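Novice: Let me begin by handing over the structure; questions about it come next.
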Amino acid sequence: MKLARWFRRQSRFRQVVLAFAAAVLFAVTAFSVWLLAGLPPIDQLQAGLALPSSRIYDRNGRLLYEIIADTENGGLNTAIPLDDIPQHCRDAVIAIEDANFYQHPGVDIEGIARALWINLQGGEVLAGGSTITQQVARNLLMDPQQRAGRTLIRKLREAVLALRLGSAYSKDEVLALYLNQSYFGNLAYGIEAAAGAYFGKGAADLSLAECALLAGLVQAPAAYDPLSNLEAATARQEIVLDRMAALAYITPDQAEAAKAEGLQFASVPFPIEAPHFVMAVLKQLERDYPEQLLQGGLEVTTTLDLDWQNAAESIMRSQLYAINHPVDPRRAPAEAHNAALVSLDPYTGQVLAMVGSPDYFDEAIDGAVNAALAPRQPGSALKPFTYAAAFDPAAADPYTAATMLLDVETPFVTRRMESYTPANYALVEHGPVSAREALASSLNIPAVVALDHVGVPAMVQLASSAGLTTLAENPNLDLAVTLGGGEVRLLDLVQAYSIFANGGRRIEPQMVLEVRDAQGNVLFDGRSTRPGQQVIDERVAFLITDILSDDAARLMGFGRNSALNIGRPAAAKTGTTTDFRDNWIVGYTPNLVTGVWVGNADNTPMVSVTGISGAGPIWNGTMRALLLGQPQLSFSVPDGVSRVRVCVPSGDLPTPACPLTRDEWFIDGTEPAATDTIWQTIAIDTRTGLRADETTPDADRVNRVYEVLPQEARDWALRNHIAQPPPGAAARVAAADDRLRLLEPDPYTSFELSTVIPRDAQRLRLTAGAPAGTHAVTYVLDGAELGTVTDEPWVLWWVLELGDHTLAAHAMLADGTTVESEPIPFSVVRDAPPESYTAGP
């Protein structure tokens, strides 16, 4: 009553102010009570230290790995005193996570203000602000549901807990809790487990570079995992080192030295099946179910078949031992110490086996690095995507499996306006071949011809749509990409090859079938799949498959009964990179795709190991083992294709002169309409060896069949003793097309004019590919006529002159018309004079 009378005696203004103050006090009190309600007491901290237990199984319910808290029972967590943790590790974590750790009471006001500002803008906390103390409070005191929230309220409750924790524990105690309980990825909780999981050593032995790398993992261990994404991990490491230098924990010179230090990855052995696969699954769980994984009790059923996995691992180790310890004393050891394998279902994408290295725990080969997820150059393994783009029936001028390609020295101009002349393995050329033979036998020159025909963007788009996204991310790709001039991951390459096995549809690799939480609730069910995007015409997929499974077509490249033959219908393609640093094979049956990579983790070259001798036997043995007892399946023939008999090598309809024919598959609408012009019957005058005319007596006239090759292949024909008709004898001269093309010199090439060789002896050969009916070819250099040639093979010699030059050619046809070639630039420069020297005694 007294308070009421006192309040009535106040002025109206003071009454309003007092009422407002009381309301504010009540609201603040109510908010504080609500905010603090249900907050766990600090003495529950020890309960939060118990690590979760989750189990990862293969598809048949066999345990692959159990994540448990007790290290004595196989867990990956060991708490160590702060004094046993290198100062560099402590400094690195503080520098990147909480630079003011030793100055604030557990909450960084600046960080809270930033979180508040973002909350007001976007409705949730999207940026940092959590101190080390707050992270410890959140991870060890809050339940999973509370941790999952990203609201301002959660940040405030977290801050209150951090202040309580900061008053109950010293800074060093909080830091020790943080370093011993943070998750570093790859099943490693705490710095000691992380040192063992990544470097095969104890935390006390970590270097500055290793400390910086581990400190960078805490924020996002899946994103910065060095065993699957070394580039991202080292970029993060550099940020940590730069931050340490900026805060004067180390000098700039120390930071640069640490950046340059090579990292050797290894892992302390522990009980686990299919370790690389389990780590890949765990990375997915970290991404999709981070809080549930931390809470524990997850039951994860994967796509892996443990029997298949064990078989693949055993075959891989046996083959590597065989090539590194050859029985034949004349054969040198291969020096191939690493390999990877992926097998998956081409319709569902389910990964059935994944081997990342022969031995996960072998430090000498960086065994913990998952080579199945590491980008490497694929060599010729990309050629099928070039031909798939070329076979597209919707293209303006599609190739067919019978299209004739010239496997002869051919110069190309790159997008950098440079001359590029590819060569085959062992520098052997085969002249005119079909697209079928070129792909099946992995010939390099025709593959570049095909890519030049379809264009690099079309091929890269197709490959990227199939799963090889790293190619689309590389802006520097050129014609060499079809020979392996880009980097891909084995898993992605196997995924991409699935389009050929399943009729042209993209699939996504899948490693998890089901995830259940501790209460048995299904968090994820991946047993049902939907058909993927149609990447290529199913008829194109069939053509590629039919070619890659054609043992006869790959005779010139691999011979009969090579490692590509597994005793049942199977398609396969190998790949080998320069200096034997990588070799590959990807092959498939109608229900299984398997890819193998062989090489060395440190990129050192092997000794004469190709895809057929290194990766091939591993693939062969694995496919035979995995498919043992299963029925043999044949590749189905889709609607819209038909077989047509064609003349070899032109791929056109046969004539009576054609001595070689074969049946070939064609997509409807792409069948040949023209008759063959390669094989020609020509009447020869036996007295002169020239073409017979009206004056040649019948007794001296003989009909001979010639293989009349395009001008580009004439030199190859002469080297291989393939007779060409006498000059002017052919009524129809075969040509690659109807254009006039300069064949020599190569465009954008520089030639050296020697100071020691007589000038007249330094000549350049000029040749052209002329269309049928050409009577004469005139060469024009820098606008002035050099000379005219009236006989095939249209050769003119020119004495070198210094300078930049442009060459063109004009051809006079039988009907009196003239056609012109595209000009090509080249240059002649003076060579450097020989260096003088003083003779020794």
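Letters A, B, ... mark the chains of the structure tokens in the order given; residue numbers begin at 1 per chain; ligand numbers begin at 1, in order shown.
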Could you please write out, as a PyMOL selection string, every residue of segment 481-676 of chain A that DSSP assigns to helix (DSSP H, G or I)?
Specialist: chain A and resi 481-483+490-501+538-548+555-558+578-580+611-626
Novice: Keeping N, CA and C atoms for every residue in the selection just given, could you write it to a file as a compact mmCIF listing (two decimals), in the first residue's frame?
Specialist:
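Contents of again_38.txt, as written:
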```txt
# COMPACT_ATOMS: atom_id res chain seq x y z
N VAL A 481 44.33 -33.03 -74.84
CA VAL A 481 43.49 -33.57 -73.78
C VAL A 481 43.02 -34.99 -74.10
N THR A 482 42.82 -35.29 -75.37
CA THR A 482 42.37 -36.64 -75.73
C THR A 482 43.44 -37.69 -75.48
N LEU A 483 44.69 -37.25 -75.34
CA LEU A 483 45.79 -38.16 -75.03
C LEU A 483 46.14 -38.12 -73.54
N LEU A 490 40.32 -41.37 -60.38
CA LEU A 490 39.91 -42.71 -60.80
C LEU A 490 38.42 -42.93 -60.57
N LEU A 491 37.90 -42.53 -59.41
CA LEU A 491 36.48 -42.72 -59.13
C LEU A 491 35.63 -42.01 -60.19
N ASP A 492 36.02 -40.80 -60.57
CA ASP A 492 35.27 -40.06 -61.57
C ASP A 492 35.37 -40.72 -62.94
N LEU A 493 36.54 -41.27 -63.27
CA LEU A 493 36.72 -41.92 -64.56
C LEU A 493 35.85 -43.17 -64.67
N VAL A 494 35.79 -43.95 -63.59
CA VAL A 494 34.94 -45.13 -63.58
C VAL A 494 33.47 -44.71 -63.69
N GLN A 495 33.10 -43.66 -62.97
CA GLN A 495 31.75 -43.12 -63.08
C GLN A 495 31.44 -42.74 -64.52
N ALA A 496 32.37 -42.04 -65.18
CA ALA A 496 32.13 -41.56 -66.54
C ALA A 496 31.99 -42.72 -67.52
N TYR A 497 32.79 -43.77 -67.36
CA TYR A 497 32.71 -44.93 -68.26
C TYR A 497 31.38 -45.66 -68.12
N SER A 498 30.68 -45.43 -67.02
CA SER A 498 29.40 -46.11 -66.84
C SER A 498 28.39 -45.74 -67.90
N ILE A 499 28.55 -44.57 -68.53
CA ILE A 499 27.59 -44.19 -69.57
C ILE A 499 27.66 -45.14 -70.76
N PHE A 500 28.81 -45.75 -70.99
CA PHE A 500 28.93 -46.69 -72.11
C PHE A 500 28.31 -48.04 -71.77
N ALA A 501 28.30 -48.39 -70.49
CA ALA A 501 27.75 -49.68 -70.08
C ALA A 501 26.25 -49.64 -69.88
N GLU A 538 22.00 -43.60 -76.75
CA GLU A 538 22.30 -44.98 -76.39
C GLU A 538 22.96 -45.74 -77.53
N ARG A 539 22.73 -45.30 -78.76
CA ARG A 539 23.37 -45.95 -79.91
C ARG A 539 24.85 -45.61 -79.98
N VAL A 540 25.20 -44.40 -79.55
CA VAL A 540 26.62 -44.03 -79.46
C VAL A 540 27.30 -44.86 -78.38
N ALA A 541 26.62 -45.02 -77.25
CA ALA A 541 27.17 -45.86 -76.17
C ALA A 541 27.41 -47.28 -76.68
N PHE A 542 26.48 -47.78 -77.48
CA PHE A 542 26.64 -49.12 -78.04
C PHE A 542 27.85 -49.20 -78.96
N LEU A 543 28.02 -48.20 -79.84
CA LEU A 543 29.17 -48.22 -80.75
C LEU A 543 30.49 -48.23 -79.99
N ILE A 544 30.60 -47.36 -78.97
CA ILE A 544 31.83 -47.32 -78.18
C ILE A 544 32.08 -48.67 -77.52
N THR A 545 31.03 -49.25 -76.96
CA THR A 545 31.16 -50.56 -76.30
C THR A 545 31.55 -51.64 -77.29
N ASP A 546 30.92 -51.63 -78.44
CA ASP A 546 31.22 -52.66 -79.45
C ASP A 546 32.68 -52.55 -79.91
N ILE A 547 33.18 -51.34 -80.02
CA ILE A 547 34.58 -51.15 -80.43
C ILE A 547 35.53 -51.59 -79.33
N LEU A 548 35.27 -51.17 -78.09
CA LEU A 548 36.17 -51.48 -76.99
C LEU A 548 36.14 -52.94 -76.59
N LEU A 555 43.96 -55.62 -82.55
CA LEU A 555 45.12 -56.45 -82.85
C LEU A 555 46.39 -55.63 -83.01
N MET A 556 46.33 -54.53 -83.79
CA MET A 556 47.54 -53.77 -84.05
C MET A 556 48.09 -53.09 -82.81
N GLY A 557 47.23 -52.86 -81.81
CA GLY A 557 47.70 -52.21 -80.59
C GLY A 557 48.08 -53.16 -79.49
N PHE A 558 47.35 -54.29 -79.37
CA PHE A 558 47.53 -55.15 -78.20
C PHE A 558 47.72 -56.64 -78.53
N THR A 578 53.11 -39.86 -70.19
CA THR A 578 54.50 -39.63 -70.57
C THR A 578 55.44 -40.10 -69.47
N ASP A 579 56.53 -40.71 -69.87
CA ASP A 579 57.56 -41.18 -68.94
C ASP A 579 57.05 -42.24 -67.98
N PHE A 580 55.93 -42.88 -68.32
CA PHE A 580 55.41 -43.99 -67.52
C PHE A 580 55.14 -43.58 -66.06
N GLY A 611 49.64 -49.32 -69.53
CA GLY A 611 48.33 -49.73 -69.03
C GLY A 611 48.05 -51.20 -69.23
N ILE A 612 48.60 -51.78 -70.30
CA ILE A 612 48.33 -53.19 -70.58
C ILE A 612 49.19 -54.11 -69.73
N SER A 613 50.37 -53.63 -69.28
CA SER A 613 51.27 -54.49 -68.50
C SER A 613 51.21 -54.21 -67.01
N GLY A 614 50.78 -53.02 -66.63
CA GLY A 614 50.72 -52.68 -65.21
C GLY A 614 49.32 -52.79 -64.64
N ALA A 615 48.43 -51.90 -65.08
CA ALA A 615 47.05 -51.91 -64.59
C ALA A 615 46.24 -53.06 -65.18
N GLY A 616 46.58 -53.46 -66.43
CA GLY A 616 45.79 -54.47 -67.12
C GLY A 616 45.63 -55.79 -66.37
N PRO A 617 46.72 -56.40 -65.91
CA PRO A 617 46.56 -57.67 -65.19
C PRO A 617 45.78 -57.55 -63.90
N ILE A 618 45.88 -56.41 -63.20
CA ILE A 618 45.08 -56.22 -61.98
C ILE A 618 43.60 -56.19 -62.35
N TRP A 619 43.28 -55.45 -63.41
CA TRP A 619 41.88 -55.38 -63.86
C TRP A 619 41.39 -56.76 -64.29
N ASN A 620 42.21 -57.44 -65.07
CA ASN A 620 41.83 -58.75 -65.58
C ASN A 620 41.55 -59.72 -64.44
N GLY A 621 42.48 -59.81 -63.48
CA GLY A 621 42.31 -60.73 -62.37
C GLY A 621 41.13 -60.37 -61.49
N THR A 622 40.94 -59.08 -61.28
CA THR A 622 39.84 -58.64 -60.42
C THR A 622 38.49 -58.92 -61.09
N MET A 623 38.36 -58.60 -62.37
CA MET A 623 37.09 -58.84 -63.05
C MET A 623 36.76 -60.33 -63.07
N ARG A 624 37.75 -61.16 -63.33
CA ARG A 624 37.50 -62.59 -63.34
C ARG A 624 37.07 -63.08 -61.96
N ALA A 625 37.72 -62.57 -60.91
CA ALA A 625 37.40 -63.01 -59.55
C ALA A 625 36.02 -62.53 -59.12
N LEU A 626 35.68 -61.28 -59.42
CA LEU A 626 34.41 -60.73 -58.97
C LEU A 626 33.22 -61.33 -59.71
```
Novice: Quick one: everything within 9 Å of Asn474 of chain A, counting only C-alpha atoms, minus sequence neighbours fewer than 3 positions away in the same chain. Send it as a list of chain:residue names.
Specialist: A:Thr470, A:Leu471, A:Leu477, A:Gly486, A:Glu487
Novice: Restricted to all heavy atoms, what would the selected residues look like written as a short mmCIF file (atom, residue, chain, number, x, y, z; two decimals), in the first residue's frame?
Specialist:
```
data_model
loop_
_atom_site.label_atom_id
_atom_site.label_comp_id
_atom_site.auth_asym_id
_atom_site.auth_seq_id
_atom_site.Cartn_x
_atom_site.Cartn_y
_atom_site.Cartn_z
N THR A 470 36.48 -32.29 -63.42
CA THR A 470 37.76 -31.61 -63.30
C THR A 470 38.24 -31.11 -64.66
O THR A 470 38.99 -30.12 -64.73
CB THR A 470 38.83 -32.53 -62.70
OG1 THR A 470 38.88 -33.75 -63.45
CG2 THR A 470 38.52 -32.84 -61.25
N LEU A 471 37.83 -31.76 -65.74
CA LEU A 471 38.23 -31.29 -67.07
C LEU A 471 37.59 -29.94 -67.38
O LEU A 471 38.24 -29.05 -67.92
CB LEU A 471 37.84 -32.31 -68.13
CG LEU A 471 38.57 -33.66 -68.10
CD1 LEU A 471 38.08 -34.54 -69.24
CD2 LEU A 471 40.08 -33.47 -68.17
N LEU A 477 42.96 -26.56 -71.40
CA LEU A 477 42.93 -27.79 -72.19
C LEU A 477 43.02 -27.48 -73.68
O LEU A 477 42.44 -26.50 -74.16
CB LEU A 477 41.67 -28.59 -71.89
CG LEU A 477 41.54 -29.12 -70.46
CD1 LEU A 477 40.22 -29.86 -70.30
CD2 LEU A 477 42.71 -30.02 -70.10
N GLY A 486 45.06 -33.65 -69.14
CA GLY A 486 44.27 -33.06 -68.07
C GLY A 486 44.32 -34.00 -66.89
O GLY A 486 44.91 -35.09 -66.99
N GLU A 487 43.74 -33.63 -65.77
CA GLU A 487 43.77 -34.50 -64.60
C GLU A 487 42.35 -34.93 -64.22
O GLU A 487 41.41 -34.14 -64.29
CB GLU A 487 44.43 -33.79 -63.41
CG GLU A 487 45.93 -33.60 -63.59
CD GLU A 487 46.59 -33.11 -62.31
OE1 GLU A 487 45.90 -32.47 -61.47
OE2 GLU A 487 47.80 -33.36 -62.14
#
```
Novice: Check the smallest atom-to-atom distance from each of A:Ala450, A:Leu660, A:Ile250, A:Ile56 to Pro398 of chain A using only C-alpha atoms, then report the winner.
Specialist: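 Of A:Ala450, A:Leu660, A:Ile250, A:Ile56, the one nearest Pro398 of chain A is A:Ala450, counting only C-alpha atoms.
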Novice: Nearest to Glu158 of chain A among A:Arg691, A:Arg138, A:Arg581, A:His325, with distances taken over only C-alpha atoms: which residue is it?
Specialist: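 The answer is A:Arg138, which sits nearest to Glu158 of chain A.
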Novice: Could you tell me which of A:Leu766, A:Val300, A:Ala772, A:Ala194 comes closest to Thr788 of chain A if we count only C-alpha atoms?
Specialist: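 Among A:Leu766, A:Val300, A:Ala772, A:Ala194, it is A:Leu766 that comes nearest to Thr788 of chain A.
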Novice: Might you pull out every residue within 8 Å of Ser267 of chain A, with only C-alpha atoms counted and same-chain residues fewer than 6 positions away left off, and present them as a compact mmCIF listing (two decimals) with C-alpha atoms, in the first residue's frame?
Specialist:
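And here's result38.txt as it stands now:
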```txt
# COMPACT_ATOMS: atom_id res chain seq x y z
CA GLY A 196 48.96 -40.85 -35.77
CA ALA A 197 46.19 -40.89 -38.39
CA TYR A 198 47.91 -38.50 -40.80
CA PHE A 199 51.64 -38.76 -40.08
CA GLY A 200 52.15 -42.07 -38.25
CA LYS A 201 53.77 -40.40 -35.25
CA TYR A 360 47.01 -48.06 -46.05
CA PHE A 361 49.63 -48.15 -43.29
CA ASP A 362 52.78 -48.12 -45.50
CA GLU A 363 54.46 -44.76 -45.01
CA ALA A 368 47.12 -43.47 -46.37
```
Novice: Mind giving me the straight-line distance from atom CA of Asn502 of chain A to atom CA of Arg554 of chain A in Å, one decimal?
Specialist: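 According to the coordinates, atom CA of Asn502 of chain A and atom CA of Arg554 of chain A are separated by 22.7 Å.
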Novice: If I take atom CA of Ala312 of chain A and atom CA of Glu273 of chain A, how far is one from the other in Å, to one decimal?
Specialist: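 Separation between atom CA of Ala312 of chain A and atom CA of Glu273 of chain A: 12.8 Å.
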Novice: Using only C-alpha atoms for the distances, tell me which of A:Glu437, A:Asp108, A:Asp288, A:Asp652 is nearest to Ser549 of chain A.
Specialist: A:Glu437
Novice: Identify, on the basis of only C-alpha atoms, every residue whose closest approach to segment 806-812 of chain A does not exceed 7 Å; exclude the query and any residue fewer than 2 positions from it along the same chain; express the result as a PDB file with C-alpha atoms, in the first residue's frame.
Specialist:
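The resulting file, out-v5.pdb, is shown below:
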```pdb
ATOM      1  CA  THR A 774      44.248 -31.260-110.121  1.00  0.00           C
ATOM      2  CA  HIS A 775      46.544 -30.515-113.083  1.00  0.00           C
ATOM      3  CA  ALA A 776      49.064 -28.224-111.379  1.00  0.00           C
ATOM      4  CA  VAL A 777      49.899 -26.704-107.997  1.00  0.00           C
ATOM      5  CA  THR A 778      51.542 -23.292-107.641  1.00  0.00           C
ATOM      6  CA  TYR A 779      53.220 -22.271-104.373  1.00  0.00           C
ATOM      7  CA  VAL A 780      53.075 -18.624-103.282  1.00  0.00           C
ATOM      8  CA  LEU A 781      55.428 -17.307-100.580  1.00  0.00           C
ATOM      9  CA  ASP A 782      54.796 -13.877 -99.068  1.00  0.00           C
ATOM     10  CA  ALA A 814      40.754 -30.068-114.979  1.00  0.00           C
ATOM     11  CA  GLY A 816      40.020 -24.720-115.598  1.00  0.00           C
ATOM     12  CA  THR A 817      38.933 -23.482-112.184  1.00  0.00           C
ATOM     13  CA  THR A 818      41.379 -22.619-109.430  1.00  0.00           C
ATOM     14  CA  VAL A 819      41.198 -23.398-105.733  1.00  0.00           C
ATOM     15  CA  GLU A 820      43.333 -21.858-103.003  1.00  0.00           C
ATOM     16  CA  SER A 821      44.666 -23.271 -99.759  1.00  0.00           C
ATOM     17  CA  GLU A 822      44.522 -21.658 -96.370  1.00  0.00           C
ATOM     18  CA  PRO A 823      47.818 -19.822 -95.786  1.00  0.00           C
ATOM     19  CA  ILE A 824      50.185 -21.039 -93.078  1.00  0.00           C
ATOM     20  CA  PRO A 825      52.772 -18.939 -91.249  1.00  0.00           C
ATOM     21  CA  PHE A 826      56.282 -20.104 -90.368  1.00  0.00           C
TER      22      PHE A 826
END
```
Novice: Just the residues within 12 Å of Val522 of chain A, please, counting only C-alpha atoms, with nothing from its chain fewer than 4 positions along; format it as a PyMOL selection string.
Specialist: chain A and resi 298-301+513-518+526
Novice: Could you tell me which of A:Asn370, A:Thr681, A:Thr574, A:Asn703 comes closest to Pro384 of chain A if we count only C-alpha atoms?
Specialist: A:Thr574
Novice: Between atom CA of Leu294 of chain A and atom CA of Ala188 of chain A, what is the distance in Å, rounded to a tenth?
Specialist: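 Separation between atom CA of Leu294 of chain A and atom CA of Ala188 of chain A: 11.9 Å.
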Novice: For segment 743-758 of chain A, find every residue with an atom within 8 Å (counting only C-alpha atoms), except residues of its own chain fewer than 4 positions away, and show them as JSON, numbers by chain.
Specialist: {"A": [411, 412, 413, 417, 418, 419, 712, 762, 764, 765, 766, 767, 768, 769, 800, 801, 802, 824, 825, 826, 827, 828, 829, 830, 831, 833]}
Novice: Quick one: everything within 8 Å of Arg436 of chain A, counting only C-alpha atoms, minus sequence neighbours fewer than 5 positions away in the same chain. Send it as number ranges by chain.
Specialist: A: 401-402, 547, 553
Novice: Calculated over only C-alpha atoms, which of the candidates A:Lys259, A:Gly431, A:Gly106, A:Gly629 has the smallest distance to Asn720 of chain A?
Specialist: A:Gly431
Novice: Going by DSSP on the backbone, which residues of segment 408-619 of chain A come out as strand (DSSP E)? List them as a ChimeraX atom specification.
Specialist: /A:412-413,419-420,431-434,512-516,522-525,571-576,582-589,592-599
